[in-house]
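Trainee: Just dropping this structure here.
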Amino acid sequence: MRSNPLVTEVLAGLTRQGQAQLDALGLLLVQAVVLFLWWPKDGLAPMLESQHGPHTLTAVVMAMGATTAYFAVRAGAEEVVLPGQHGLRDWALATPLGLGRILRGYVLGQLVHSVHLLALSSPLLLMAFTVSGGEWDALGWCVAATLVQALFYRLCGAITHVTIGQHRTETRFFVRAILMVVYVPVGLLAPVTSHVAFTSRALGEHMNTQPAFPAVSDQVVFLAVYAGCSLLAALVLHRLLLRERRRMERHDGAGVGWAVTP
C-alpha cells in the first residue's frame, strides 16, 4: 500500500498541520455536541427502571456517519486537501502513472483518511458505548458502513470536481446537493440505503421499516449496495480521467509537471 504514491501522500499529509485538520476538528465538535445532548441527564437508574436504555450510542454513530460523509464529498471535490496533497486531475494529467494505479491509490488513500477520522472519533464512540451498552459486532458493522458510505461520497465528489471543478460556486452547490438528496430523500424512499436506518437496526432500536431483502441481513445489503455504487462511480471516474488525458495528449502532448516514482 505504501508503494503507491497517492497513499504515501495521504499518510504524509495526515502528519502535517493544515486546514484539513481544522475541518476534521469541526466534525469532532459536532459529534461531541451530539454526545452531550443525548447523554443521560437524570442518570441511568431512571432509564433502566423505565426499560428504555439511553440512545446516546445510536445518536453519536448517526452523527459520525453524516459528518464523515460530508467530509468525504468535500474532500472528493477537493474543497478539503491535506497539506502537500495533489489533486486527482494533477495525478492523471501531469504524471505518467497508469489510471488504474492512480484510482487504486486514490481509493486506498480515501480509506486511510476515513480510518484516521474514525480513530479521532473513537473516544466519543467509546464513551457513548459505555453509557448505552450494546454488542461490539453491531458497532463494528456501523463503523464498516460508515467507511463504505464515505468511499461512495468521496468518489461522487471527485466526479463532480473532474466534470465541473472549474466552476467553484456550482461545484460547492452540487456536492452538497448530492449529499442532501442521497442522504435524506433516497434514504427515506429506500431505507436499506439509509445509514440512519441501518444504525438504528444494527444497534437494536428498530424502526418501522421492513428490510428490502428479508433473506439477507440488512448489514450485508447496505454494504453491498454502497460497494456496488462505489465500483460504478470508480468506473465513471476512470472514464472521465481517461478522456481528459487523451484530450490533453491531442492538444499539447503528455507533459510531466512534477516527478513521481512510477
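Residue numbering restarts at 1 in every chain; chains get A, B, ... in the order shown in the C-alpha cells, and ligands count up from 1 in that same order.
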Would you list the contacts of range 102-114 of chain A as number ranges by chain, taking every protein, DNA or RNA residue within 6 Å and counting only C-alpha atoms, but skipping same-chain residues closer than 5 positions in sequence?

Mentor: A: 4, 6-7, 10

Trainee: Give me the residues near Gln219 in chain A as a ChimeraX atom specification, where near means some atom within 7 Å (using only C-alpha atoms) and where sequence neighbours in that chain fewer than 3 positions away do not count.

Mentor: /A:141,222-223

Trainee: Next, dump the selected residues to file, keeping only N, CA and C atoms, as a short mmCIF file (atom, residue, chain, number, x, y, z; two decimals), in the first residue's frame.

Mentor:
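Written out: result-v8.cif:
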```cif
data_model
loop_
_atom_site.label_atom_id
_atom_site.label_comp_id
_atom_site.auth_asym_id
_atom_site.auth_seq_id
_atom_site.Cartn_x
_atom_site.Cartn_y
_atom_site.Cartn_z
N TRP A 141 -20.18 -3.30 12.63
CA TRP A 141 -20.95 -3.15 11.39
C TRP A 141 -21.20 -1.68 11.08
N PHE A 222 -26.72 -3.35 2.87
CA PHE A 222 -26.23 -1.97 2.88
C PHE A 222 -24.82 -1.90 2.32
N LEU A 223 -23.94 -2.76 2.82
CA LEU A 223 -22.56 -2.74 2.36
C LEU A 223 -22.46 -3.09 0.88
#
```

Trainee: Skipping near chain neighbours, those fewer than 5 positions away, what residues fall within 10 Å of Ala66 in chain A using only C-alpha atoms, listed as a PyMOL selection string?

Mentor: chain A and resi 27+31+60-61+71-72+146+149-150+179+183+195-196

Trainee: Can you write just those residues out, C-alpha atoms, as a JSON list (two decimals), in the first residue's frame?

Mentor:
```json
[["chain", "number", "residue", "atom", "x", "y", "z"],
["A", 27, "LEU", "CA", -16.55, 17.19, 12.68],
["A", 31, "GLN", "CA", -20.14, 14.67, 17.31],
["A", 60, "VAL", "CA", -23.27, 9.52, 18.04],
["A", 61, "VAL", "CA", -22.93, 6.83, 15.35],
["A", 71, "PHE", "CA", -16.22, 15.44, 4.86],
["A", 72, "ALA", "CA", -15.77, 12.78, 2.17],
["A", 146, "THR", "CA", -19.52, 4.47, 7.63],
["A", 149, "GLN", "CA", -20.55, 5.09, 2.59],
["A", 150, "ALA", "CA", -17.71, 7.62, 2.82],
["A", 179, "LEU", "CA", -25.29, 14.65, -0.01],
["A", 183, "TYR", "CA", -28.74, 11.01, 2.44],
["A", 195, "HIS", "CA", -27.23, 4.96, 7.29],
["A", 196, "VAL", "CA", -29.67, 6.31, 9.87]]
```

Trainee: Determine the nearest neighbour of Gly87 in chain A from the options A:Lys41, A:Arg247, A:His161, A:His238, counting only C-alpha atoms.

Mentor: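 Checking each candidate against Gly87 in chain A, we get A:His161 as the closest.
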
Trainee: Give me the residues within 9 Å of range 224-236 of chain A as a list in words, counting only C-alpha atoms and dropping any in the same chain fewer than 6 places off.

Mentor: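 The neighbour list is Leu103, Val107, Ala145, Val148, Gln149, Leu151, Phe152, Tyr153, Leu155, Cys156, Ile159, Val192 and Thr193 of chain A.
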
Trainee: At what distance in Å, to one decimal, does CA of Val162 in chain A lie from CA of Leu241 in chain A?

Mentor: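 These two atoms are separated by 7.6 Å.
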
Trainee: Show me, as a list in words, the residues that have an atom within 9 Å of Gly133 in chain A when counting only C-alpha atoms, minus same-chain residues fewer than 3 positions from it.

Mentor: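 Here the qualifying residues turn out to be Gly53, Pro54, Leu57, Ala128, Phe129 and Thr130 of chain A.
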
Trainee: Write a file of the just-selected residues containing C-alpha atoms, as a PDB file, in the first residue's frame.

Mentor:
```
ATOM      1  CA  GLY A  53     -31.945   2.479  27.539  1.00  0.00           C
ATOM      2  CA  PRO A  54     -30.241   5.718  26.502  1.00  0.00           C
ATOM      3  CA  LEU A  57     -24.545   5.493  21.074  1.00  0.00           C
ATOM      4  CA  ALA A 128     -21.321   6.530  24.199  1.00  0.00           C
ATOM      5  CA  PHE A 129     -20.859   2.751  24.140  1.00  0.00           C
ATOM      6  CA  THR A 130     -20.098   2.728  27.860  1.00  0.00           C
TER       7      THR A 130
END
```

Trainee: Hey, which of A:Leu88, A:Ala59, A:Leu97, A:Leu117 ends up closest to Leu237 in chain A? Count only C-alpha atoms.

Mentor: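 Closest to Leu237 in chain A, using only C-alpha atoms: A:Leu88.
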
Trainee: Would you mind reading off the distance between CA of Val182 in chain A and CA of Ser194 in chain A, one decimal, in Å?

Mentor: 8.6 Å

Trainee: Return the single residue from A:Leu139, A:Ala12, A:Met180, A:Ala63 that is closest to Leu29 in chain A, with distances computed using only C-alpha atoms.

Mentor: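 Selected residue with least distance to Leu29 in chain A: A:Ala63.
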
Trainee: Taking the chain letters and numbering used in this document, name the residues of range 150-260 of chain A that DSSP puts in helix (DSSP H, G or I), as a compact mmCIF listing (two decimals) with C-alpha atoms, in the first residue's frame.

Mentor:
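result-v3.txt was written with the following content:
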```txt
# COMPACT_ATOMS: atom_id res chain seq x y z
CA ALA A 150 -17.71 7.62 2.82
CA LEU A 151 -15.97 5.99 -0.15
CA PHE A 152 -19.09 6.39 -2.29
CA TYR A 153 -19.45 10.07 -1.40
CA ARG A 154 -15.73 10.69 -1.97
CA LEU A 155 -16.00 9.28 -5.48
CA CYS A 156 -19.15 11.32 -6.17
CA GLY A 157 -17.29 14.45 -5.11
CA ALA A 158 -14.36 13.51 -7.33
CA ILE A 159 -16.64 13.02 -10.34
CA THR A 160 -18.15 16.44 -9.70
CA HIS A 161 -14.71 18.03 -9.48
CA VAL A 162 -13.48 16.43 -12.70
CA THR A 163 -16.59 17.47 -14.63
CA ILE A 164 -17.34 20.98 -13.33
CA ARG A 168 -16.31 26.66 -7.94
CA THR A 169 -19.72 28.01 -6.98
CA GLU A 170 -21.58 25.36 -8.94
CA THR A 171 -19.30 22.65 -7.55
CA ARG A 172 -19.89 23.70 -3.95
CA PHE A 173 -23.63 23.67 -4.52
CA PHE A 174 -23.66 20.36 -6.38
CA VAL A 175 -21.62 18.35 -3.88
CA ARG A 176 -23.91 19.45 -1.07
CA ALA A 177 -26.95 18.67 -3.21
CA ILE A 178 -25.61 15.14 -3.75
CA LEU A 179 -25.29 14.65 -0.01
CA MET A 180 -28.73 16.03 0.78
CA VAL A 181 -30.55 14.16 -1.99
CA VAL A 182 -28.95 10.78 -1.35
CA TYR A 183 -28.74 11.01 2.44
CA VAL A 184 -32.29 12.21 3.12
CA PRO A 185 -34.92 11.61 0.37
CA VAL A 186 -33.33 8.45 -1.06
CA GLY A 187 -32.79 7.14 2.45
CA LEU A 188 -36.47 7.65 3.23
CA LEU A 189 -37.64 6.04 -0.01
CA PRO A 191 -34.43 2.54 3.97
CA VAL A 192 -31.93 -0.18 3.10
CA THR A 193 -29.65 2.59 1.76
CA HIS A 195 -27.23 4.96 7.29
CA VAL A 196 -29.67 6.31 9.87
CA ALA A 197 -31.99 3.30 9.46
CA PHE A 198 -29.00 0.96 9.31
CA THR A 199 -27.62 2.28 12.59
CA SER A 200 -31.00 2.13 14.28
CA ARG A 201 -31.49 -1.51 13.29
CA ALA A 202 -27.91 -2.58 13.96
CA ASP A 218 -29.63 -5.57 6.38
CA GLN A 219 -25.96 -5.08 7.12
CA VAL A 220 -24.80 -7.12 4.12
CA VAL A 221 -27.33 -5.46 1.80
CA PHE A 222 -26.23 -1.97 2.88
CA LEU A 223 -22.56 -2.74 2.36
CA ALA A 224 -23.24 -4.46 -0.97
CA VAL A 225 -25.31 -1.54 -2.27
CA TYR A 226 -22.70 1.09 -1.42
CA ALA A 227 -19.80 -1.10 -2.56
CA GLY A 228 -21.54 -1.63 -5.89
CA CYS A 229 -22.33 2.06 -6.26
CA SER A 230 -18.70 2.89 -5.40
CA LEU A 231 -17.48 0.50 -8.08
CA LEU A 232 -19.74 2.13 -10.67
CA ALA A 233 -18.60 5.59 -9.56
CA ALA A 234 -14.94 4.49 -9.85
CA LEU A 235 -15.56 3.25 -13.40
CA VAL A 236 -17.19 6.56 -14.32
CA LEU A 237 -14.28 8.46 -12.78
CA HIS A 238 -11.78 6.30 -14.70
CA ARG A 239 -13.56 7.05 -17.96
CA LEU A 240 -13.63 10.80 -17.25
CA LEU A 241 -9.92 10.88 -16.41
CA LEU A 242 -9.08 8.83 -19.48
CA ARG A 243 -10.99 11.30 -21.64
CA GLU A 244 -9.16 14.21 -20.01
CA ARG A 245 -5.78 12.57 -20.54
CA ARG A 246 -6.47 11.80 -24.20
CA ARG A 247 -7.71 15.34 -24.76
CA MET A 248 -4.52 16.78 -23.27
CA GLU A 249 -2.32 14.44 -25.34
CA ARG A 250 -4.07 15.52 -28.52
CA HIS A 251 -3.58 19.21 -27.79
CA ASP A 252 -0.13 19.58 -26.28
```

Trainee: Please, what distance in Å, to one decimal, runs between CA of Leu11 in chain A and CA of Val81 in chain A?

Mentor: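 CA of Val81 in chain A lies at a distance of 12.6 Å from CA of Leu11 in chain A.
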
Trainee: Would you please work out which residue, of A:Val33, A:Gly76, A:Pro5, A:Arg16, is nearest to Leu124 in chain A when using only C-alpha atoms?

Mentor: A:Val33

Trainee: Go through A:Leu203, A:Val131, A:Ala92, A:Leu25 and flag the residue nearest Thr68 in chain A, using only C-alpha atoms for the distances.

Mentor: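 Of A:Leu203, A:Val131, A:Ala92, A:Leu25, the one nearest Thr68 in chain A is A:Leu25, counting only C-alpha atoms.
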
Trainee: Let me make sure I understand: among A:Leu125, A:Val80, A:Leu14, A:His167, which one has the smallest atom-to-atom distance to Met62 in chain A if we use only C-alpha atoms?

Mentor: A:Leu125
